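Below is one structure, written out as structure tokens; comments come after it.
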Amino acid sequence: MSILLTGGAGFIGSHTAVEMINAGYDVIIADNLSNSSEKVLDRIETITGIRPKFYKVDVAIKGDVRRIFEENKIDGVIHFAGYKCVPESTKIPLKYYRNNIDTTLTVLEVMEEKNCNAFVFSSSATVYGDKNEVPFNENMPTGGTTNAYGSTKLMIENILKDVAAANNKFSAVLLRYFNPIGAHPSGLIGEAPDGIPNNLMPYITQTAVGIREVLNVFGTDYNTPDGTGVRDYIHVVDLAKGHVAAIKYAMENTGAEAINLGTGNGSSVLEVVRAFEKASGVNVPVEFKERRPGDVEYSYASVEKAAELLNWKAEYDLNDMCKHAWNWQKKNPRGYNE
Ligand code: WQD
């Protein structure tokens, strides 16, 4: 069974490639390397013993996507390709709308041409907006996204629902990720942000390794136990295994299903910092700052639907996530750049 991973050289894509190969699938990666490195392929090969077939292409270009389908018998697609930098998306929204929507439409059009009907999409908990109560469950209304990145995720979810309603052979699983962190336990693949990290864990690990001086903690006056924002951090390997279950589900079912991938537990920023210090033995200096615009107070998942439909649940705890993130950062202080 051959599965195409668009954006498969990125953080979540590369971990999913490993778990898909471990589960016995043939993996084909299409990635334009705009925010990833070809070295990932060597690392995937070291971990699994198998080198995925690789196409350096932009999946917004129809001819290139067609060529992949013509040269391979593709049974399903996991679509990671897309821009994901939240602050950049507020400054250059058209870049996000153009790329994220275009890549999705192109892949879907080629799938339709080639009669390929199983699709898994990288959506985000951000589609729950700021009006719902935690834990977020899949029946809650979506909307109220606070940035263009989040709006593209919501629009694509709606596109997929329409396509599934029109084509009774088509199946889409809309995976709503909570906060993926950690790295493969080998330390060979992990998160390699370009420039100053926006997300909490890479900022913590870069501070611990000495690249950044101090971690800014955004907001201390939230209505949470210690005043800092609460999120559902999930180990990227657990998240990757959720994709293995989701593509199987997509191949065996029809229709569009939104499914949360989270642990169901919330941790505050300060809890994550303390857990990291304990797991690494390294002190992380912090400075308390104003709230970051667009942030919600609480975000954590209801995990029942994933358990029921995918027979999947997260296994790793926050200590594992911190330990593995630190192992990756120590072994690769500059990501894939050295
Ligand atoms: C987590 C918590 C911050 C950095 C975003 C997107 C989401 C997904 C993941 C991306 C918050 C606090 C952070 C820092 C801090 N998309 N924080 N200091 O905002 O929950 O989710 O990233 O690809 O769609 O919205 O994740 O890791 O940025 O923040 O105090 O330097 O850490 O305020 O409470 P977020 P995050």
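Every chain in the structure tokens takes a letter, A first, then B, and so on in the order presented; its residues are numbered from 1, and the ligands are numbered from 1 following the presented order.
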
Can you check which parts of chain A lie within 7 Å of ligand 1? Per residue, the shortest pair of atoms and distance in Å to one decimal, counting only C-alpha atoms and all ligand atoms, sorted by chain and number, as a Markdown table.
| residue | atom | partner | partner_atom_place_in_ligand_line | distance |
| --- | --- | --- | --- | --- |
| A:Lys84 | CA | ligand 1 | 23 (O) | 4.6 |
| A:Cys85 | CA | ligand 1 | 23 (O) | 6.1 |
| A:Val86 | CA | ligand 1 | 6 (C) | 6.3 |
| A:Ser124 | CA | ligand 1 | 24 (O) | 5.3 |
| A:Ala125 | CA | ligand 1 | 24 (O) | 6.3 |
| A:Thr126 | CA | ligand 1 | 24 (O) | 4.9 |
| A:Gly150 | CA | ligand 1 | 24 (O) | 6.2 |
| A:Phe178 | CA | ligand 1 | 8 (C) | 6.9 |
| A:Asn179 | CA | ligand 1 | 9 (C) | 5.4 |
| A:Asn198 | CA | ligand 1 | 28 (O) | 5.4 |
| A:Asn199 | CA | ligand 1 | 27 (O) | 3.3 |
| A:Leu200 | CA | ligand 1 | 4 (C) | 3.7 |
| A:Met201 | CA | ligand 1 | 27 (O) | 6.3 |
| A:Tyr203 | CA | ligand 1 | 31 (O) | 5.6 |
| A:Leu215 | CA | ligand 1 | 31 (O) | 5.8 |
| A:Asn216 | CA | ligand 1 | 18 (N) | 4.9 |
| A:Val217 | CA | ligand 1 | 30 (O) | 3.4 |
| A:Phe218 | CA | ligand 1 | 30 (O) | 4.0 |
| A:Gly219 | CA | ligand 1 | 33 (O) | 6.6 |
| A:Thr228 | CA | ligand 1 | 34 (O) | 6.5 |
| A:Gly229 | CA | ligand 1 | 34 (O) | 3.9 |
| A:Val230 | CA | ligand 1 | 34 (O) | 6.0 |
| A:Arg231 | CA | ligand 1 | 20 (O) | 6.0 |
| A:Val269 | CA | ligand 1 | 32 (O) | 5.3 |
| A:Arg291 | CA | ligand 1 | 33 (O) | 6.7 |
| A:Arg292 | CA | ligand 1 | 33 (O) | 5.7 |
| A:Asp295 | CA | ligand 1 | 19 (O) | 5.9 |

(Q) So that I can see what lies close to Pro185 of chain A, please list as an NGL selection string the residues with an atom at most 9 Å from it, counting only C-alpha atoms and leaving out residues fewer than 2 positions away in the same chain. (A) :A and (182-183 or 187-189 or 237 or 320 or 323-325 or 327-328)

Q: Write out as number ranges by chain the residues lying within 7 Å of Asp232 of chain A, counting only C-alpha atoms and excluding same-chain residues fewer than 5 positions away.
A: A: 178-179, 262-267, 299-301

Please dump the current selection as a short mmCIF file (atom, residue, chain, number, x, y, z; two decimals), in the first residue's frame; keep N, CA and C atoms.
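Output file selection16.cif is given in full below:
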data_model
loop_
_atom_site.label_atom_id
_atom_site.label_comp_id
_atom_site.auth_asym_id
_atom_site.auth_seq_id
_atom_site.Cartn_x
_atom_site.Cartn_y
_atom_site.Cartn_z
N PHE A 178 -3.52 19.27 18.59
CA PHE A 178 -3.35 20.21 19.69
C PHE A 178 -1.89 20.71 19.62
N ASN A 179 -1.07 20.57 20.64
CA ASN A 179 0.28 21.17 20.56
C ASN A 179 1.36 20.10 20.46
N GLY A 262 -4.99 14.79 20.64
CA GLY A 262 -4.43 15.42 21.84
C GLY A 262 -4.32 14.36 22.91
N THR A 263 -3.91 14.78 24.12
CA THR A 263 -3.82 13.81 25.23
C THR A 263 -5.04 13.89 26.13
N GLY A 264 -5.75 15.05 26.06
CA GLY A 264 -6.85 15.28 27.00
C GLY A 264 -6.39 15.98 28.27
N ASN A 265 -5.06 16.21 28.41
CA ASN A 265 -4.54 16.89 29.61
C ASN A 265 -4.03 18.27 29.25
N GLY A 266 -4.29 19.23 30.11
CA GLY A 266 -3.76 20.58 29.90
C GLY A 266 -2.56 20.82 30.81
N SER A 267 -1.54 21.51 30.28
CA SER A 267 -0.40 21.94 31.11
C SER A 267 -0.17 23.42 30.87
N SER A 299 -6.71 25.45 26.19
CA SER A 299 -7.01 24.60 25.04
C SER A 299 -6.61 23.18 25.40
N TYR A 300 -7.57 22.29 25.49
CA TYR A 300 -7.24 20.86 25.54
C TYR A 300 -8.39 20.04 24.94
N ALA A 301 -8.02 18.83 24.57
CA ALA A 301 -8.89 18.02 23.71
C ALA A 301 -9.80 17.09 24.49
#

Q.
If you run DSSP on the backbone here, which positions in segment 56-224 of chain A get alpha helix (DSSP H)? Please write them as a ChimeraX atom specification.
A. /A:62-71,86-91,93-96,102-113,148-166,200-208

Q) Which residues, written as a list in words, have at least one atom at most 6 Å from Gly129 of chain A, with only C-alpha atoms counted and residues fewer than 4 positions away on the same chain left out? A)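 The residues that qualify are Gly143, Gly144 and Thr145 of chain A.
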
(Q) So, with only C-alpha atoms as the atoms that count, which of A:Thr207, A:Asn337, A:Thr142, A:Ser34 lies closest to Ala192 of chain A? (A)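 Ranking A:Thr207, A:Asn337, A:Thr142, A:Ser34 by distance to Ala192 of chain A, first place goes to A:Asn337.
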
At most 9 Å is the cut-off: for each residue in segment 220-260 of chain A with any atom that close to an atom of segment 62-76 of chain A, write down the nearest atom pair and the distance in Å rounded to one decimal, counting only C-alpha atoms, chain first then increasing number, as a Markdown table.
| residue | atom | partner | partner_atom | distance |
| --- | --- | --- | --- | --- |
| A:Ile247 | CA | A:Gly76 | CA | 7.1 |
| A:Ala250 | CA | A:Gly76 | CA | 8.2 |
| A:Met251 | CA | A:Gly76 | CA | 7.3 |

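Restricting the calculation to only C-alpha atoms, the smallest distance between Ile78 of chain A and any of A:Ala30, A:Met140, A:Leu270, A:Ala258 is found for A:Ala30.
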
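Nearest residue to Ile47 of chain A among A:His184, A:Ser89, A:Phe119, A:Ala148 is A:His184, counting only C-alpha atoms.
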
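Summary of the local environment: counting only C-alpha atoms, residues at most 8 Å from segment 304-316 of chain A, other than itself and those fewer than 5 positions away along its chain, are Glu138, Ile234, His235, Asp238, Leu239, Lys241, Gly242, Ala245, Ala246, Tyr249, Ile259, Asn260, Leu261, Gly262, Thr263 and Met321 of chain A.
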
Q: Do a neighbour search on Glu45 of chain A at 12 Å with only C-alpha atoms, toss out local chain neighbours closer than 6 positions, and write the hits as a PyMOL selection string.
A: chain A and resi 14-15+17-18+21-22+27+38-39+51-53+188-189

**Q.** Residue nearest Asn168 of chain A among A:Glu213, A:Asn137, A:Pro180, A:Glu112 (counting only C-alpha atoms)
**A.**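 The answer is A:Glu112, which sits nearest to Asn168 of chain A.
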
(Q) Can you tell me which residues surround Gly7 of chain A at a distance of at most 8 Å, considering only C-alpha atoms, apart from same-chain residues fewer than 2 positions away, and format the answer as number ranges by chain? (A) A: 5, 9-10, 13, 29-32, 79-82

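For the choices A:Val57, A:Val120, A:Pro333, A:Ala240, the atom-to-atom distance to Glu19 of chain A is smallest for A:Ala240 when using only C-alpha atoms.
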
(Q) Among segment 92-318 of chain A, which ones does DSSP assign to strand (DSSP E or B) (computed from the backbone)? Answer as a PyMOL selection string. (A) chain A and resi 118-124+136+171-177+179-181+215-218+230-231+233-235+255-261+267-268+286-289+298+301

Q. Separation of atom CA of Asn132 of chain A and atom CA of Val272 of chain A, in Å?
A. 23.6 Å

Q. Which distance in Å separates atom CA of Asn139 of chain A and atom CA of Glu297 of chain A, to one decimal?
A.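 Atom CA of Glu297 of chain A lies 20.5 Å from atom CA of Asn139 of chain A.
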
Produce a table with one row for each residue of segment 178-247 of chain A that has an atom at most 10 Å from any atom of segment 279-282 of chain A, each row naming the nearest atom pair and its distance in Å at one decimal; use only C-alpha atoms; arrange rows by chain and rising residue number; format as JSON lines.
{"residue": "A:Thr205", "atom": "CA", "partner": "A:Ser280", "partner_atom": "CA", "distance": 9.5}
{"residue": "A:Thr207", "atom": "CA", "partner": "A:Val282", "partner_atom": "CA", "distance": 9.8}
{"residue": "A:Ala208", "atom": "CA", "partner": "A:Val282", "partner_atom": "CA", "distance": 6.3}
{"residue": "A:Val209", "atom": "CA", "partner": "A:Val282", "partner_atom": "CA", "distance": 8.7}
